[in-house]
$ cat final33.txt   # compact mmCIF, N, CA and C atoms
# COMPACT_ATOMS: atom_id res chain seq x y z
N MET T 1 -11.14 -6.46 14.66
CA MET T 1 -10.06 -6.68 13.73
C MET T 1 -10.54 -7.62 12.63
N SER T 2 -10.22 -7.28 11.40
CA SER T 2 -10.56 -8.16 10.30
C SER T 2 -9.35 -8.34 9.39
N VAL T 3 -9.20 -9.54 8.83
CA VAL T 3 -8.11 -9.79 7.89
C VAL T 3 -8.47 -9.10 6.59
N LEU T 4 -7.54 -8.28 6.10
CA LEU T 4 -7.80 -7.50 4.88
C LEU T 4 -7.22 -8.12 3.63
N GLY T 5 -6.08 -8.78 3.78
CA GLY T 5 -5.48 -9.28 2.57
C GLY T 5 -4.26 -10.13 2.81
N ILE T 6 -3.70 -10.55 1.71
CA ILE T 6 -2.52 -11.39 1.71
C ILE T 6 -1.56 -10.83 0.67
N GLU T 7 -0.29 -10.87 0.98
CA GLU T 7 0.74 -10.37 0.07
C GLU T 7 1.86 -11.40 0.05
N ARG T 8 2.33 -11.76 -1.13
CA ARG T 8 3.35 -12.80 -1.23
C ARG T 8 4.73 -12.26 -0.91
N SER T 9 5.58 -13.14 -0.40
CA SER T 9 7.01 -12.88 -0.29
C SER T 9 7.65 -13.72 -1.40
N ASN T 10 8.90 -14.11 -1.27
CA ASN T 10 9.50 -14.94 -2.32
C ASN T 10 8.96 -16.37 -2.28
N ASP T 11 8.91 -16.95 -1.09
CA ASP T 11 8.41 -18.32 -0.95
C ASP T 11 7.54 -18.41 0.30
N GLY T 12 6.59 -17.53 0.40
CA GLY T 12 5.70 -17.46 1.55
C GLY T 12 4.74 -16.30 1.36
N TYR T 13 4.19 -15.82 2.47
CA TYR T 13 3.25 -14.70 2.38
C TYR T 13 3.03 -14.06 3.74
N TRP T 14 2.47 -12.87 3.69
CA TRP T 14 2.01 -12.15 4.88
C TRP T 14 0.49 -12.04 4.79
N MET T 15 -0.16 -12.11 5.91
CA MET T 15 -1.57 -11.74 6.03
C MET T 15 -1.59 -10.49 6.89
N TYR T 16 -2.41 -9.51 6.51
CA TYR T 16 -2.46 -8.28 7.30
C TYR T 16 -3.90 -7.96 7.69
N THR T 17 -4.02 -7.29 8.82
CA THR T 17 -5.33 -6.98 9.39
C THR T 17 -5.55 -5.48 9.46
N SER T 18 -6.79 -5.08 9.66
CA SER T 18 -7.14 -3.67 9.73
C SER T 18 -6.48 -2.96 10.91
N ASN T 19 -6.13 -3.69 11.97
CA ASN T 19 -5.51 -3.02 13.12
C ASN T 19 -3.99 -2.99 13.02
N GLY T 20 -3.42 -3.46 11.91
CA GLY T 20 -1.99 -3.37 11.69
C GLY T 20 -1.18 -4.59 12.07
N THR T 21 -1.83 -5.66 12.46
CA THR T 21 -1.11 -6.90 12.76
C THR T 21 -0.71 -7.56 11.46
N ILE T 22 0.53 -8.04 11.40
CA ILE T 22 1.04 -8.69 10.20
C ILE T 22 1.51 -10.09 10.59
N TYR T 23 0.94 -11.11 9.95
CA TYR T 23 1.31 -12.50 10.20
C TYR T 23 2.21 -12.97 9.08
N SER T 24 3.32 -13.63 9.42
CA SER T 24 4.30 -14.10 8.43
C SER T 24 4.26 -15.61 8.32
N PHE T 25 4.35 -16.10 7.07
CA PHE T 25 4.36 -17.54 6.80
C PHE T 25 5.41 -17.83 5.75
N GLY T 26 6.01 -19.04 5.80
CA GLY T 26 7.06 -19.40 4.85
C GLY T 26 8.28 -18.54 5.07
N ASP T 27 8.88 -18.03 3.99
CA ASP T 27 10.09 -17.22 4.12
C ASP T 27 9.80 -15.73 4.36
N ALA T 28 8.54 -15.36 4.51
CA ALA T 28 8.19 -13.95 4.73
C ALA T 28 8.78 -13.48 6.06
N PRO T 29 9.61 -12.42 6.04
CA PRO T 29 10.19 -11.94 7.29
C PRO T 29 9.10 -11.45 8.25
N ALA T 30 9.34 -11.65 9.52
CA ALA T 30 8.40 -11.15 10.53
C ALA T 30 8.57 -9.63 10.63
N PHE T 31 7.45 -8.91 10.59
CA PHE T 31 7.45 -7.46 10.72
C PHE T 31 6.72 -7.08 11.99
N GLU T 32 7.18 -5.99 12.60
CA GLU T 32 6.46 -5.52 13.77
C GLU T 32 5.14 -4.91 13.34
N PRO T 33 4.10 -5.03 14.18
CA PRO T 33 2.79 -4.47 13.83
C PRO T 33 2.82 -2.95 13.84
N ILE T 34 1.78 -2.35 13.26
CA ILE T 34 1.61 -0.90 13.34
C ILE T 34 1.29 -0.59 14.80
N PRO T 35 2.01 0.33 15.44
CA PRO T 35 1.74 0.61 16.86
C PRO T 35 0.34 1.17 17.09
N SER T 36 -0.22 0.86 18.23
CA SER T 36 -1.57 1.34 18.55
C SER T 36 -1.60 2.86 18.63
N THR T 37 -0.46 3.51 18.85
CA THR T 37 -0.41 4.98 18.87
C THR T 37 -0.64 5.56 17.48
N ALA T 38 -0.58 4.71 16.44
CA ALA T 38 -0.81 5.16 15.06
C ALA T 38 -2.30 5.17 14.72
N ALA T 39 -3.15 4.82 15.68
CA ALA T 39 -4.59 4.72 15.44
C ALA T 39 -5.21 5.97 14.82
N PRO T 40 -4.75 7.20 15.16
CA PRO T 40 -5.36 8.36 14.52
C PRO T 40 -5.23 8.36 13.00
N ALA T 41 -4.25 7.63 12.46
CA ALA T 41 -4.08 7.55 11.02
C ALA T 41 -5.14 6.64 10.40
N GLY T 42 -5.89 5.94 11.22
CA GLY T 42 -6.96 5.07 10.73
C GLY T 42 -6.48 3.66 10.50
N PRO T 43 -7.40 2.81 10.11
CA PRO T 43 -7.06 1.41 9.91
C PRO T 43 -6.15 1.20 8.69
N VAL T 44 -5.47 0.07 8.69
CA VAL T 44 -4.68 -0.34 7.54
C VAL T 44 -5.65 -0.69 6.42
N VAL T 45 -5.35 -0.22 5.20
CA VAL T 45 -6.22 -0.52 4.05
C VAL T 45 -5.51 -1.28 2.95
N SER T 46 -4.17 -1.27 2.96
CA SER T 46 -3.43 -1.90 1.88
C SER T 46 -2.02 -2.23 2.33
N MET T 47 -1.46 -3.28 1.75
CA MET T 47 -0.07 -3.65 1.99
C MET T 47 0.51 -4.12 0.67
N ALA T 48 1.75 -3.74 0.37
CA ALA T 48 2.41 -4.17 -0.86
C ALA T 48 3.86 -4.49 -0.56
N ARG T 49 4.36 -5.55 -1.16
CA ARG T 49 5.74 -5.98 -0.90
C ARG T 49 6.74 -5.24 -1.78
N THR T 50 7.98 -5.22 -1.34
CA THR T 50 9.07 -4.69 -2.14
C THR T 50 9.44 -5.72 -3.20
N PRO T 51 10.11 -5.32 -4.29
CA PRO T 51 10.47 -6.28 -5.32
C PRO T 51 11.33 -7.44 -4.81
N ASN T 52 12.16 -7.19 -3.79
CA ASN T 52 13.02 -8.27 -3.29
C ASN T 52 12.30 -9.17 -2.29
N GLY T 53 11.07 -8.86 -1.93
CA GLY T 53 10.30 -9.69 -1.02
C GLY T 53 10.71 -9.59 0.43
N ALA T 54 11.60 -8.67 0.75
CA ALA T 54 12.10 -8.55 2.12
C ALA T 54 11.57 -7.31 2.84
N GLY T 55 10.59 -6.66 2.25
CA GLY T 55 10.04 -5.47 2.87
C GLY T 55 8.62 -5.24 2.39
N ALA T 56 7.96 -4.27 3.02
CA ALA T 56 6.57 -3.97 2.64
C ALA T 56 6.22 -2.54 2.99
N TRP T 57 5.30 -2.00 2.19
CA TRP T 57 4.69 -0.70 2.48
C TRP T 57 3.29 -0.98 2.99
N ILE T 58 2.90 -0.27 4.03
CA ILE T 58 1.57 -0.46 4.63
C ILE T 58 0.87 0.88 4.60
N LEU T 59 -0.30 0.92 3.97
CA LEU T 59 -1.07 2.15 3.80
C LEU T 59 -2.22 2.19 4.80
N GLN T 60 -2.33 3.32 5.50
CA GLN T 60 -3.45 3.52 6.42
C GLN T 60 -4.49 4.43 5.78
N ARG T 61 -5.71 4.40 6.28
CA ARG T 61 -6.86 5.10 5.70
C ARG T 61 -6.58 6.58 5.42
N ASN T 62 -5.84 7.29 6.29
CA ASN T 62 -5.62 8.72 6.08
C ASN T 62 -4.49 9.02 5.11
N GLY T 63 -3.89 7.99 4.50
CA GLY T 63 -2.81 8.20 3.54
C GLY T 63 -1.42 8.03 4.11
N THR T 64 -1.30 7.71 5.40
CA THR T 64 0.00 7.46 6.01
C THR T 64 0.57 6.16 5.46
N VAL T 65 1.86 6.19 5.09
CA VAL T 65 2.54 4.99 4.62
C VAL T 65 3.56 4.59 5.68
N ARG T 66 3.48 3.35 6.13
CA ARG T 66 4.44 2.79 7.08
C ARG T 66 5.34 1.82 6.31
N THR T 67 6.62 1.78 6.65
CA THR T 67 7.55 0.88 5.98
C THR T 67 7.99 -0.21 6.94
N ARG T 68 8.26 -1.38 6.38
CA ARG T 68 8.77 -2.51 7.14
C ARG T 68 9.85 -3.18 6.31
N GLY T 69 10.85 -3.77 7.00
CA GLY T 69 11.93 -4.46 6.31
C GLY T 69 12.72 -3.53 5.41
N THR T 70 12.93 -3.93 4.15
CA THR T 70 13.76 -3.15 3.23
C THR T 70 13.00 -2.04 2.49
N ALA T 71 11.72 -1.87 2.77
CA ALA T 71 10.93 -0.83 2.09
C ALA T 71 11.44 0.56 2.48
N ARG T 72 11.56 1.43 1.48
CA ARG T 72 11.98 2.81 1.73
C ARG T 72 10.76 3.72 1.69
N ASP T 73 10.84 4.79 2.45
CA ASP T 73 9.76 5.78 2.53
C ASP T 73 9.96 6.82 1.43
N PHE T 74 8.95 6.97 0.57
CA PHE T 74 9.01 7.95 -0.52
C PHE T 74 7.99 9.07 -0.32
N GLY T 75 7.34 9.10 0.83
CA GLY T 75 6.34 10.12 1.10
C GLY T 75 4.96 9.50 1.24
N ASP T 76 4.02 10.33 1.66
CA ASP T 76 2.65 9.84 1.82
C ASP T 76 1.66 10.98 1.75
N LEU T 77 0.41 10.68 1.98
CA LEU T 77 -0.67 11.66 1.92
C LEU T 77 -1.23 11.95 3.31
N ALA T 78 -0.47 11.67 4.36
CA ALA T 78 -0.95 11.83 5.73
C ALA T 78 -1.55 13.21 5.94
N GLY T 79 -2.79 13.23 6.39
CA GLY T 79 -3.47 14.48 6.67
C GLY T 79 -4.04 15.16 5.44
N CYS T 80 -3.77 14.64 4.25
CA CYS T 80 -4.24 15.27 3.01
C CYS T 80 -5.50 14.63 2.45
N VAL T 81 -5.76 13.40 2.82
CA VAL T 81 -6.93 12.69 2.30
C VAL T 81 -7.67 12.03 3.45
N SER T 82 -8.93 11.77 3.26
CA SER T 82 -9.70 11.09 4.29
C SER T 82 -9.90 9.62 3.96
N ALA T 83 -9.60 9.22 2.73
CA ALA T 83 -9.85 7.83 2.37
C ALA T 83 -8.86 7.33 1.32
N ALA T 84 -7.67 6.96 1.78
CA ALA T 84 -6.73 6.28 0.88
C ALA T 84 -7.24 4.86 0.70
N GLN T 85 -7.05 4.30 -0.50
CA GLN T 85 -7.60 2.98 -0.81
C GLN T 85 -6.56 1.90 -1.06
N GLU T 86 -5.52 2.24 -1.81
CA GLU T 86 -4.59 1.21 -2.27
C GLU T 86 -3.22 1.82 -2.52
N LEU T 87 -2.17 1.02 -2.31
CA LEU T 87 -0.80 1.41 -2.63
C LEU T 87 -0.28 0.40 -3.64
N LEU T 88 0.27 0.89 -4.74
CA LEU T 88 0.80 0.05 -5.80
C LEU T 88 2.27 0.41 -6.00
N PRO T 89 3.21 -0.53 -5.78
CA PRO T 89 4.63 -0.22 -5.95
C PRO T 89 5.00 0.00 -7.41
N ALA T 90 5.96 0.91 -7.64
CA ALA T 90 6.54 1.08 -8.97
C ALA T 90 7.36 -0.17 -9.29
N PRO T 91 7.49 -0.53 -10.56
CA PRO T 91 8.21 -1.75 -10.93
C PRO T 91 9.64 -1.83 -10.39
N ASP T 92 10.32 -0.68 -10.27
CA ASP T 92 11.71 -0.69 -9.79
C ASP T 92 11.82 -0.68 -8.27
N GLY T 93 10.69 -0.58 -7.57
CA GLY T 93 10.70 -0.56 -6.11
C GLY T 93 11.16 0.76 -5.51
N ALA T 94 11.36 1.76 -6.34
CA ALA T 94 11.85 3.05 -5.86
C ALA T 94 10.74 4.10 -5.81
N GLY T 95 9.51 3.64 -5.66
CA GLY T 95 8.37 4.55 -5.57
C GLY T 95 7.08 3.77 -5.53
N TYR T 96 5.97 4.50 -5.48
CA TYR T 96 4.65 3.87 -5.46
C TYR T 96 3.58 4.88 -5.80
N TRP T 97 2.41 4.37 -6.14
CA TRP T 97 1.23 5.18 -6.36
C TRP T 97 0.25 4.93 -5.22
N ILE T 98 -0.46 5.98 -4.81
CA ILE T 98 -1.53 5.83 -3.82
C ILE T 98 -2.83 6.24 -4.50
N LEU T 99 -3.83 5.35 -4.41
CA LEU T 99 -5.15 5.60 -4.95
C LEU T 99 -6.05 6.08 -3.82
N THR T 100 -6.80 7.16 -4.05
CA THR T 100 -7.74 7.66 -3.06
C THR T 100 -9.16 7.27 -3.45
N ALA T 101 -10.08 7.40 -2.52
CA ALA T 101 -11.48 7.05 -2.76
C ALA T 101 -12.11 7.91 -3.85
N SER T 102 -11.57 9.10 -4.08
CA SER T 102 -12.12 9.98 -5.11
C SER T 102 -11.60 9.65 -6.50
N GLY T 103 -10.71 8.64 -6.61
CA GLY T 103 -10.16 8.26 -7.91
C GLY T 103 -8.86 8.95 -8.24
N ARG T 104 -8.33 9.72 -7.32
CA ARG T 104 -7.06 10.41 -7.54
C ARG T 104 -5.92 9.42 -7.36
N VAL T 105 -4.92 9.45 -8.24
CA VAL T 105 -3.74 8.60 -8.15
C VAL T 105 -2.54 9.53 -7.95
N VAL T 106 -1.85 9.35 -6.83
CA VAL T 106 -0.74 10.24 -6.48
C VAL T 106 0.57 9.46 -6.51
N PRO T 107 1.53 9.88 -7.38
CA PRO T 107 2.81 9.17 -7.48
C PRO T 107 3.82 9.67 -6.45
N PHE T 108 4.69 8.77 -6.01
CA PHE T 108 5.80 9.10 -5.11
C PHE T 108 7.05 8.40 -5.61
N GLY T 109 8.22 9.00 -5.35
CA GLY T 109 9.49 8.40 -5.78
C GLY T 109 9.53 8.29 -7.29
N SER T 110 9.91 7.12 -7.80
CA SER T 110 10.06 6.92 -9.25
C SER T 110 8.74 6.71 -9.99
N ALA T 111 7.64 6.59 -9.26
CA ALA T 111 6.34 6.39 -9.91
C ALA T 111 5.98 7.61 -10.75
N LYS T 112 5.53 7.39 -11.97
CA LYS T 112 5.19 8.49 -12.87
C LYS T 112 3.70 8.78 -12.83
N ARG T 113 3.37 10.03 -13.14
CA ARG T 113 1.96 10.40 -13.24
C ARG T 113 1.48 10.06 -14.64
N PHE T 114 0.44 9.23 -14.71
CA PHE T 114 -0.13 8.84 -15.99
C PHE T 114 -1.52 9.40 -16.20
N GLY T 115 -2.10 9.99 -15.17
CA GLY T 115 -3.44 10.54 -15.27
C GLY T 115 -4.40 9.80 -14.37
N GLU T 116 -5.63 10.23 -14.43
CA GLU T 116 -6.69 9.64 -13.62
C GLU T 116 -8.02 9.94 -14.27
N PRO T 117 -9.09 9.26 -13.85
CA PRO T 117 -10.39 9.50 -14.48
C PRO T 117 -10.86 10.94 -14.25
N THR T 118 -11.60 11.47 -15.22
CA THR T 118 -12.12 12.83 -15.08
C THR T 118 -13.38 12.86 -14.24
N SER T 119 -14.02 11.71 -14.08
CA SER T 119 -15.19 11.63 -13.20
C SER T 119 -15.25 10.23 -12.60
N LEU T 120 -15.88 10.12 -11.46
CA LEU T 120 -15.96 8.81 -10.80
C LEU T 120 -16.71 7.79 -11.63
N SER T 121 -17.63 8.24 -12.49
CA SER T 121 -18.35 7.28 -13.31
C SER T 121 -17.41 6.57 -14.29
N GLU T 122 -16.25 7.19 -14.57
CA GLU T 122 -15.26 6.56 -15.45
C GLU T 122 -14.30 5.69 -14.68
N ALA T 123 -14.22 5.85 -13.37
CA ALA T 123 -13.18 5.20 -12.57
C ALA T 123 -13.11 3.69 -12.72
N PRO T 124 -14.19 2.93 -12.57
CA PRO T 124 -14.02 1.47 -12.64
C PRO T 124 -13.44 0.98 -13.97
N GLU T 125 -13.93 1.52 -15.08
CA GLU T 125 -13.42 1.10 -16.39
C GLU T 125 -11.97 1.55 -16.56
N ALA T 126 -11.67 2.79 -16.19
CA ALA T 126 -10.34 3.33 -16.37
C ALA T 126 -9.32 2.59 -15.53
N LEU T 127 -9.70 2.15 -14.35
CA LEU T 127 -8.76 1.50 -13.46
C LEU T 127 -8.37 0.10 -13.90
N ILE T 128 -9.17 -0.53 -14.76
CA ILE T 128 -8.81 -1.88 -15.16
C ILE T 128 -8.09 -1.92 -16.51
N ARG T 129 -7.89 -0.79 -17.12
CA ARG T 129 -7.13 -0.75 -18.37
C ARG T 129 -5.65 -0.60 -18.06
N PHE T 130 -4.86 -1.53 -18.58
CA PHE T 130 -3.40 -1.45 -18.34
C PHE T 130 -2.68 -1.42 -19.65
$ encode --input "final33.txt" --output "structure tokens"
Amino acid sequence: MSVLGIERSNDGYWMYTSNGTIYSFGDAPAFEPIPSTAAPAGPVVSMARTPNGAGAWILQRNGTVRTRGTARDFGDLAGCVSAAQELLPAPDGAGYWILTASGRVVPFGSAKRFGEPTSLSEAPEALIRF
């Protein structure tokens, strides 16, 4: 198990691990871990909070999205990709984008499609332009 990242709540934070354990600090609500039966979906690769700080989306390597707290499920890429990388919430909290290892960005819910790099050699530069 390795700690992958930290995500803020309103006045605290969560730390999350590759095996799905979520540690809560400050006002961050305690969330149940990803069950061990979810292991076929692969390790956790990303976590993002809801705008109200009372929920989170958890992305697993195969594109499965798990919800905790007030987070709503808008769909996922389960079984469609072998390497999901990151989940980015839409500003209104009513959707999200999932980034894959190939540079594909897939919108769900209110998230809009804005495009993606035409080749991986463009990906790093294209991904940092906002």
$ residues_around --input "final33.txt" --residues "Arg8 (chain T)" --least-positions-apart "6" --cutoff "8 Å" --atoms "only N, CA and C atoms" --output "compact mmCIF listing (two decimals) with N, CA and C atoms, in the frame of the given file"
# COMPACT_ATOMS: atom_id res chain seq x y z
N TRP T 14 2.47 -12.87 3.69
CA TRP T 14 2.01 -12.15 4.88
C TRP T 14 0.49 -12.04 4.79
N MET T 15 -0.16 -12.11 5.91
CA MET T 15 -1.57 -11.74 6.03
C MET T 15 -1.59 -10.49 6.89
N ALA T 28 8.54 -15.36 4.51
CA ALA T 28 8.19 -13.95 4.73
C ALA T 28 8.78 -13.48 6.06
N ALA T 48 1.75 -3.74 0.37
CA ALA T 48 2.41 -4.17 -0.86
C ALA T 48 3.86 -4.49 -0.56
N ARG T 49 4.36 -5.55 -1.16
CA ARG T 49 5.74 -5.98 -0.90
C ARG T 49 6.74 -5.24 -1.78
N THR T 50 7.98 -5.22 -1.34
CA THR T 50 9.07 -4.69 -2.14
C THR T 50 9.44 -5.72 -3.20
N GLY T 53 11.07 -8.86 -1.93
CA GLY T 53 10.30 -9.69 -1.02
C GLY T 53 10.71 -9.59 0.43
N ALA T 54 11.60 -8.67 0.75
CA ALA T 54 12.10 -8.55 2.12
C ALA T 54 11.57 -7.31 2.84
$ residues_near_point --input "final33.txt" --point "(-3.4, 9.3, -0.2)" --cutoff "7 Å" --atoms "only C-alpha atoms" --output "VMD selection string"
chain T and resid 62 to 63 76 to 78 80 to 81 84 98 to 100 106
$ residues_around --input "final33.txt" --residues "Ala30 (chain T)" --least-positions-apart "6" --cutoff "8 Å" --atoms "all atoms listed in the file" --output "list in words"
Ile22, Tyr23, Ser24, Arg68 and Gly69 of chain T
$ atom_distance --input "final33.txt" --atom1 "CA of Phe31 (chain T)" --atom2 "CA of Lys112 (chain T)"
28.6 Å
$ select_by_dssp --input "final33.txt" --residues "region 30-111 of chain T" --states "helix (DSSP H, G or I)" --output "JSON, numbers by chain"
{"T": [36, 37, 38, 39, 40, 41]}
$ atom_distance --input "final33.txt" --atom1 "CA of Pro29 (chain T)" --atom2 "CA of Gly75 (chain T)"
23.2 Å
$ residues_around --input "final33.txt" --residues "Ala94 (chain T)" --least-positions-apart "4" --cutoff "7 Å" --atoms "only N, CA and C atoms" --output "count of residues only"
7
$ atom_distance --input "final33.txt" --atom1 "atom N of Glu86 (chain T)" --atom2 "CA of Gly26 (chain T)"
25.9 Å
$ select_by_dssp --input "final33.txt" --residues "chain T" --states "strand (DSSP E)" --output "VMD selection string"
chain T and resid 3 to 8 12 to 17 22 to 26 44 to 49 55 to 60 65 to 69 84 to 89 95 to 100 105 to 109
$ closest_residue --input "final33.txt" --among "T:Glu116, T:Ala56, T:Met47, T:Pro91" --to "Ile6 (chain T)" --atoms "only N, CA and C atoms"
T:Met47
$ closest_residue --input "final33.txt" --among "T:Thr70, T:Gly55, T:Arg104, T:Met1" --to "Pro117 (chain T)" --atoms "all atoms listed in the file"
T:Arg104
$ closest_residue --input "final33.txt" --among "T:Ser18, T:Pro107, T:Gly95, T:Leu88" --to "Arg72 (chain T)" --atoms "only N, CA and C atoms"
T:Gly95
$ residues_around --input "final33.txt" --residues "Arg66 (chain T)" --least-positions-apart "3" --cutoff "8 Å" --atoms "only C-alpha atoms" --output "list in words"
Ile34, Trp57, Ile58, Leu59, Gln60 and Asp73 of chain T
